[in-house]
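Report on one structure; see the data block that follows.
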Amino acid sequence: MTGERAPIRRLLVANRGEIAVRIARTARRLGIETIGVASDADRDAPHTSAVDRVVPIGGERAVDSYLRIDALLDAARAAGADAVHPGYGFLAERADFAEAVLDAGLVWIGPPAAAMRTMGDKAAARRHVAALGIDVLPGYDGGAQDTATLAREAARIGFPLMVKAAAGGGGRGMRLVVDPAALDNALASAAAEAAAAFGDRRLLLERAVSPARHVEVQVFADAHGHVVHLGERDCSLQRRQQKLVEEAPSPAVTPALRRRMGDAAVAITASVGYVGAGTVEFLLETGDAPSFWFMEMNTRLQVEHAVTEALVGCDLVEWQLRVAEGGMLPLDQAEALRRFEAGGHAVEARLCAEDAGDAFLPQSGRVLRWAVPEGVRCDHALAAGTVVSSFYDSMLAKLVAHAPTRPAALAALAAALDRTVCLGVTTNRAFLASLLRDAIVVGGNATTTYVEHRRPAPADDETDHRRGTALAAAAIALLPRDALPAAWRGWSSSPAIDTTVPLIVGSAGTATSWRLVGARNAMSVEPAGPAANEPDRPRHRVDGLREIELDDVTGGGTVPSTVGAIEARVDGRLVRAEWARDGNAWWWLVDGIDLATVDRRLASSRTPAHRGAHDADAMLAPMHGRVTEIRVAAGEPVRAGDVVAVVEAMKMEHQLRSPRAGTVLAVHASVGDQVAARQRLVELAPVPRP
């Protein structure tokens with residue numbers, strides 16, 4: 001194809017969440033009608049409001065909806081679409097989906113299927129790139145997938161090594177193996193996760209390089225033979241081999257190195273007859289003579305494309321649509337590089353539904369309050385009432401800051417995260433803000449393993465949490481249960497108070513009590529119960545507590561909740577707190593600190609969400625998810641560390657291990673069950689008392 005095609009009139013977006021909203025935004029600006037799709041779990045999801053029309057595709061799990069090629073093509077036909085954009089994730093890198101779209105007579109917004117088949121398969125891509133004379137990491141990418149072959153090849157490569165899914169990306173199906181004894185479990189777990197995410201169990205092995213940086217190059221090609229790169233992005237800040245923060249330019253890349261890596265990326269792209277957006281990813285070993293190795297090519301638009309858009313001043317989704325219509329690239333290589341290197345600095349953080357304090361375990365629930373400050377770009381599909389389910393990826397939104405310098409961009413994004421309100425679901429918001437202020441990160445010295453070994457930041461210290469909890473206790477005791485007329489607000493002057501507020505605090509379900517003494521406009525707040533006997537127990541003074549905002553909201557047709565904001569002086573400092581309540585559960589954002597509390601005056605301290613939390617003989621579901629394996633039965637012996645069950649949530653597998661040796665007393669779940677966070681799954685027989 002070398003000529004212009006007919007303009008795209010009606011575009012089916014074969015995806016969900018923030019990328020569906022982002023694609024629809026550009027399409028609408030270009031006058032293109034948009035068709036969205038929605039699983040049964042996404043009937044009321046915000047992305048369905050961002051498109052002109054929605055077609056239901058059934059199911060809740062991705063395999064029953066967004067991964068069904070037949071359902072997506074039926075939706076395209078039903079809506080009269082003439083083009084399909086796959087977004088990223090799901091089927092975006094599946095060559096058979098691209099072929100099916102083209103066979104149906106529709107325009108595919110992506111590279112040719114042959115290029116996807118070569119580069120979208122990591123094993124095939126390694127072989128292809130090595131033949132071009134570009135360095136690849138020592139590894140194994142053969143077709144034999146039996147355990148004996150993989151173990152033999154692992155011994156040849158040496159440890160540490162990476163186990164990777166041959167298909168797909170996004171960190172799914174990836175495991176770092178340091179100890180040879182852990183290889184068999186890593187192979188089984190990675191294969192199962194890859195099958196769930198991509199429908200393909202094949203694995204490859206690569207030598208692990210540490211310390212190293214993850215640097216990727218944005219490439220773009222048209223059907224007229226033009227290929228350019230748009231500079232690099234540094235993606236070294238990761239957890240579980242999944243990106244958290246991306247920035248451009250990379251603080252580790254010089255102009256000379258940028259050109260070397262860019263030339264390699266362009267050569268790889270051109271060699272497969274590529275058309276459209278793609279990303280070539282490298283592992284960079286820094287030093288006096290920096291060296292880089294090809295890791296993979298993502299044959300799609302990347303999550304972090306907004307970082308490049310900020311520097312180059314372009315809309316990459318618009319480029320995708322224009323190229324798919326047969327148009328030429330709007331920039332040549334010289335102009336693209338000039339813009340990139342004169343574009344200042346951009347940094348993106350991925351806001352995810354996960355608990356950074358508990359191994360980044362995915363979380364689910366209902367968003368009760370959502371607000372993002374001005375001054376940053378935020379791509380999201382969130383609103384009050386949005387249900388964050390366990391069926392899909394944990395990423396909720398992307399916040400991007402762009403400034404003339406790197407320090408200014410990091411500071412702007414950290415400040416924006418401080419003011420971002422996402423209440424009702426545990427997120428990594430505070431962790432991201434502290435990470436952007438971390439001395440190693442600010443110094444530009446973080447590598448791919450830094451996040452995994454990083455200690456909690458000073459911003460997360462116990463004093464701030466106690467001060468925030470004291471304010472929460474005071475507000476829970478004094479806030480009216482229902483919204484008041486505007487004329488009644490400012491209720492801070494009231495009779496004397498002497499009361500105790502029992503709470504459950506945090507995801508761990510810690511039971512505490514706080515005593516309030518004084519008056520509504522001036523009180524002391526201190527721990528009650530055992531903590532009261534501590535000679536240096538914390539005592540906080542809360543003055544002038546007043547409601548400044550209160551509303552009743554109903555989201556997604558579910559139970560009404562109340563959201564609001566209060567102000568008070570806590571220990572002499574003026575503090576504003578955002579809050580949301582659903583029944584007896586409250587969520588707080590207090591001076592950049594996230595808190596989750598349960599009012600024990602209105603429910604048992606062992607509510608269903610926390611039942612069994614302190615039972616040493618029970619193994620609990622770490623998050624909402626689906627049980628994919630039960631490996632034990634009642635009466636069977638287990639050793640400490642044995643895997644007893646596997647729970648899948650947000651396209652990740654999580655293994656439940658026995659905390660000690662013993663005998664299984666009971667199994668409380670079956671394969672296929674949807675389970676809640678902290679639900680008891682397997683129980684050990686109690687240890688006999690001497």
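Naming works like this for the structure tokens: A, B, ... for the chains as they're shown, residue 1 at the start of each chain, ligands 1 onward in shown order.
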- Query: What's the 7 Å shell around segment 86-96 of chain A, counting only C-alpha atoms, without same-chain residues fewer than 5 positions away, as a PyMOL selection string?
  - Reply: chain A and resi 13-15+19-20+66-67+113+116-117+120+168+299-302
- Query: Looking only at the backbone, which of the residues in segment 9-211 of chain A does DSSP tag as helix (DSSP H, G or I), as a ChimeraX atom specification?
  - Reply: /A:17-29,40-42,46-49,62-64,69-79,95-103,113-119,122-131,147-157,180-198
Using only C-alpha atoms, which residues sit within 12 Å of Gly199 of chain A once same-chain residues fewer than 6 positions away are excluded, as a PDB file with N, CA, C and O atoms, in the first residue's frame?
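Heads up, here's the output in around-v5.pdb:
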ATOM      1  N   ALA A  62     -11.620 -11.627  31.004  1.00  0.00           N
ATOM      2  CA  ALA A  62     -11.110 -11.206  29.693  1.00  0.00           C
ATOM      3  C   ALA A  62     -11.239 -12.316  28.661  1.00  0.00           C
ATOM      4  O   ALA A  62     -11.553 -12.069  27.490  1.00  0.00           O
ATOM      5  N   VAL A  63     -11.001 -13.561  29.081  1.00  0.00           N
ATOM      6  CA  VAL A  63     -11.051 -14.675  28.134  1.00  0.00           C
ATOM      7  C   VAL A  63     -12.452 -14.862  27.569  1.00  0.00           C
ATOM      8  O   VAL A  63     -12.628 -15.418  26.483  1.00  0.00           O
ATOM      9  N   LEU A  67     -10.877 -10.911  24.973  1.00  0.00           N
ATOM     10  CA  LEU A  67      -9.951 -11.796  24.257  1.00  0.00           C
ATOM     11  C   LEU A  67     -10.664 -12.651  23.213  1.00  0.00           C
ATOM     12  O   LEU A  67     -10.045 -13.534  22.615  1.00  0.00           O
ATOM     13  N   ARG A  68     -11.932 -12.393  22.979  1.00  0.00           N
ATOM     14  CA  ARG A  68     -12.699 -13.174  22.000  1.00  0.00           C
ATOM     15  C   ARG A  68     -12.729 -12.446  20.658  1.00  0.00           C
ATOM     16  O   ARG A  68     -13.425 -11.438  20.491  1.00  0.00           O
ATOM     17  N   PHE A  90      -4.535  -7.145  26.030  1.00  0.00           N
ATOM     18  CA  PHE A  90      -5.518  -8.007  25.393  1.00  0.00           C
ATOM     19  C   PHE A  90      -4.990  -8.535  24.049  1.00  0.00           C
ATOM     20  O   PHE A  90      -3.967  -9.192  24.010  1.00  0.00           O
ATOM     21  N   LEU A  91      -5.671  -8.182  22.940  1.00  0.00           N
ATOM     22  CA  LEU A  91      -5.322  -8.749  21.626  1.00  0.00           C
ATOM     23  C   LEU A  91      -4.444  -7.821  20.789  1.00  0.00           C
ATOM     24  O   LEU A  91      -4.248  -8.073  19.603  1.00  0.00           O
ATOM     25  N   ARG A  94      -1.679  -9.623  18.883  1.00  0.00           N
ATOM     26  CA  ARG A  94      -2.011 -10.939  18.333  1.00  0.00           C
ATOM     27  C   ARG A  94      -2.163 -10.841  16.817  1.00  0.00           C
ATOM     28  O   ARG A  94      -3.088 -10.201  16.301  1.00  0.00           O
ATOM     29  N   ALA A 165       7.468 -15.038  29.257  1.00  0.00           N
ATOM     30  CA  ALA A 165       6.474 -15.528  28.310  1.00  0.00           C
ATOM     31  C   ALA A 165       6.917 -15.163  26.898  1.00  0.00           C
ATOM     32  O   ALA A 165       7.354 -14.039  26.649  1.00  0.00           O
ATOM     33  N   ALA A 166       6.834 -16.115  25.977  1.00  0.00           N
ATOM     34  CA  ALA A 166       7.236 -15.840  24.600  1.00  0.00           C
ATOM     35  C   ALA A 166       6.264 -14.896  23.909  1.00  0.00           C
ATOM     36  O   ALA A 166       6.639 -14.169  22.991  1.00  0.00           O
ATOM     37  N   ALA A 167       5.016 -14.895  24.346  1.00  0.00           N
ATOM     38  CA  ALA A 167       4.001 -14.021  23.755  1.00  0.00           C
ATOM     39  C   ALA A 167       3.638 -12.923  24.748  1.00  0.00           C
ATOM     40  O   ALA A 167       3.823 -13.075  25.955  1.00  0.00           O
ATOM     41  N   GLY A 168       3.105 -11.818  24.231  1.00  0.00           N
ATOM     42  CA  GLY A 168       2.607 -10.771  25.108  1.00  0.00           C
ATOM     43  C   GLY A 168       3.703  -9.925  25.719  1.00  0.00           C
ATOM     44  O   GLY A 168       4.846  -9.911  25.273  1.00  0.00           O
ATOM     45  N   ARG A 172       3.779  -9.698  32.320  1.00  0.00           N
ATOM     46  CA  ARG A 172       3.055 -10.932  32.601  1.00  0.00           C
ATOM     47  C   ARG A 172       3.891 -12.133  32.172  1.00  0.00           C
ATOM     48  O   ARG A 172       4.539 -12.115  31.135  1.00  0.00           O
ATOM     49  N   GLY A 173       3.854 -13.163  32.997  1.00  0.00           N
ATOM     50  CA  GLY A 173       4.605 -14.363  32.673  1.00  0.00           C
ATOM     51  C   GLY A 173       6.104 -14.191  32.793  1.00  0.00           C
ATOM     52  O   GLY A 173       6.860 -14.877  32.108  1.00  0.00           O
ATOM     53  N   ALA A 191       4.302 -19.993  33.105  1.00  0.00           N
ATOM     54  CA  ALA A 191       3.530 -20.582  32.007  1.00  0.00           C
ATOM     55  C   ALA A 191       2.033 -20.431  32.245  1.00  0.00           C
ATOM     56  O   ALA A 191       1.270 -20.100  31.326  1.00  0.00           O
ATOM     57  N   ALA A 192       1.604 -20.646  33.486  1.00  0.00           N
ATOM     58  CA  ALA A 192       0.178 -20.511  33.796  1.00  0.00           C
ATOM     59  C   ALA A 192      -0.281 -19.068  33.639  1.00  0.00           C
ATOM     60  O   ALA A 192      -1.363 -18.800  33.106  1.00  0.00           O
ATOM     61  N   GLU A 193       0.537 -18.120  34.089  1.00  0.00           N
ATOM     62  CA  GLU A 193       0.175 -16.713  33.974  1.00  0.00           C
ATOM     63  C   GLU A 193       0.146 -16.275  32.517  1.00  0.00           C
ATOM     64  O   GLU A 193      -0.743 -15.517  32.097  1.00  0.00           O
ATOM     65  N   LYS A 651      -4.887 -10.296  36.035  1.00  0.00           N
ATOM     66  CA  LYS A 651      -3.974 -10.933  35.083  1.00  0.00           C
ATOM     67  C   LYS A 651      -2.658 -11.370  35.712  1.00  0.00           C
ATOM     68  O   LYS A 651      -1.689 -11.636  35.022  1.00  0.00           O
TER      69      LYS A 651
END
- Message: Just want the 9 Å neighbourhood of Arg240 of chain A, counted on only C-alpha atoms, with same-chain residues fewer than 3 positions away dropped. Output as a list of chain:residue names.
- Response: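 Selected residues are A:Gly171, A:Arg172, A:Met174, A:Arg175, A:Leu176, A:Lys243, A:Phe360, A:Glu452.
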- Task: Do a neighbour search on Ser39 of chain A at 12 Å with only C-alpha atoms, toss out local chain neighbours closer than 2 positions, and write the hits as a ChimeraX atom specification.
- Result: /A:14-17,36-37,41-45,47-48,54-68,71-72,75,389,391-392
- Atomic separation - atom CA of Val317 of chain A relative to atom CA of Leu73 of chain A, Å: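 Separating atom CA of Leu73 of chain A from atom CA of Val317 of chain A is a distance of 21.3 Å.
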All residues 7 Å or closer to segment 125-134 of chain A, only C-alpha atoms, same chain fewer than 5 positions away omitted, as an mmCIF file with C-alpha atoms, in the first residue's frame:
data_model
loop_
_atom_site.group_PDB
_atom_site.id
_atom_site.type_symbol
_atom_site.label_atom_id
_atom_site.label_comp_id
_atom_site.auth_asym_id
_atom_site.auth_seq_id
_atom_site.Cartn_x
_atom_site.Cartn_y
_atom_site.Cartn_z
ATOM 1 C CA THR A 118 8.038 -11.950 13.947
ATOM 2 C CA MET A 119 8.473 -9.262 16.582
ATOM 3 C CA ILE A 268 14.997 -3.512 13.564
ATOM 4 C CA GLU A 296 11.823 -7.173 22.816
#
- Could you give me, as number ranges by chain, the residues within 8 Å of segment 568-576 of chain A, counting only C-alpha atoms and dropping anything in the same chain fewer than 6 positions from it? A: 467, 471, 540-546, 590-591
- Taking only C-alpha atoms into account, which of A:Ala475, A:Met619, A:Ala79, A:Val21 comes nearest Ala397 of chain A?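 For Ala397 of chain A, the nearest of the given residues is A:Val21.
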- Item | Selected residue of minimal separation from Arg77 of chain A among A:Arg10, A:His226, A:Arg22, A:His380, counting only C-alpha atoms |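 Under the stated criterion, the closest residue is A:Arg10.
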- Task: Identify which of the residues A:Leu183, A:Gly326, A:Leu681, A:Ala100 lies closest to Ala148 of chain A, counting only C-alpha atoms when measuring atom-to-atom distances.
- Result: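 Looking only at the distances to Ala148 of chain A, the closest residue turns out to be A:Leu183.
Minimum atom-to-atom distance to Arg258 of chain A, evaluated using only C-alpha atoms, belongs to A:Val217 out of A:Ala585, A:Val675, A:Val217, A:Val372.
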- List every residue of segment 254-346 of chain A that DSSP, applied to the backbone, labels as strand (DSSP E or B), and write the result as an MDAnalysis selection string. chainID A and resid 276:285 291:298 345:346
- Task: Rounded to one decimal place, report the atom CA of Val275 of chain A-atom CA of Arg322 of chain A distance in Å.
- Result: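 Computing the Euclidean distance for atom CA of Val275 of chain A and atom CA of Arg322 of chain A yields 11.4 Å.
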Within 9 Å of segment 246-256 of chain A: each segment 333-372 of chain A residue with its shortest pair, only C-alpha atoms, as a tab-separated table:
residue	atom	partner	partner_atom	distance
A:Phe340	CA	A:Pro249	CA	8.0
A:Glu341	CA	A:Pro249	CA	7.9
A:Gly344	CA	A:Pro249	CA	8.2
A:His345	CA	A:Ala248	CA	5.9
A:Ala346	CA	A:Ala248	CA	5.5
A:Val347	CA	A:Glu247	CA	4.1
A:Glu348	CA	A:Glu246	CA	5.2
A:Ala349	CA	A:Glu246	CA	6.7
A:Arg350	CA	A:Glu246	CA	8.7
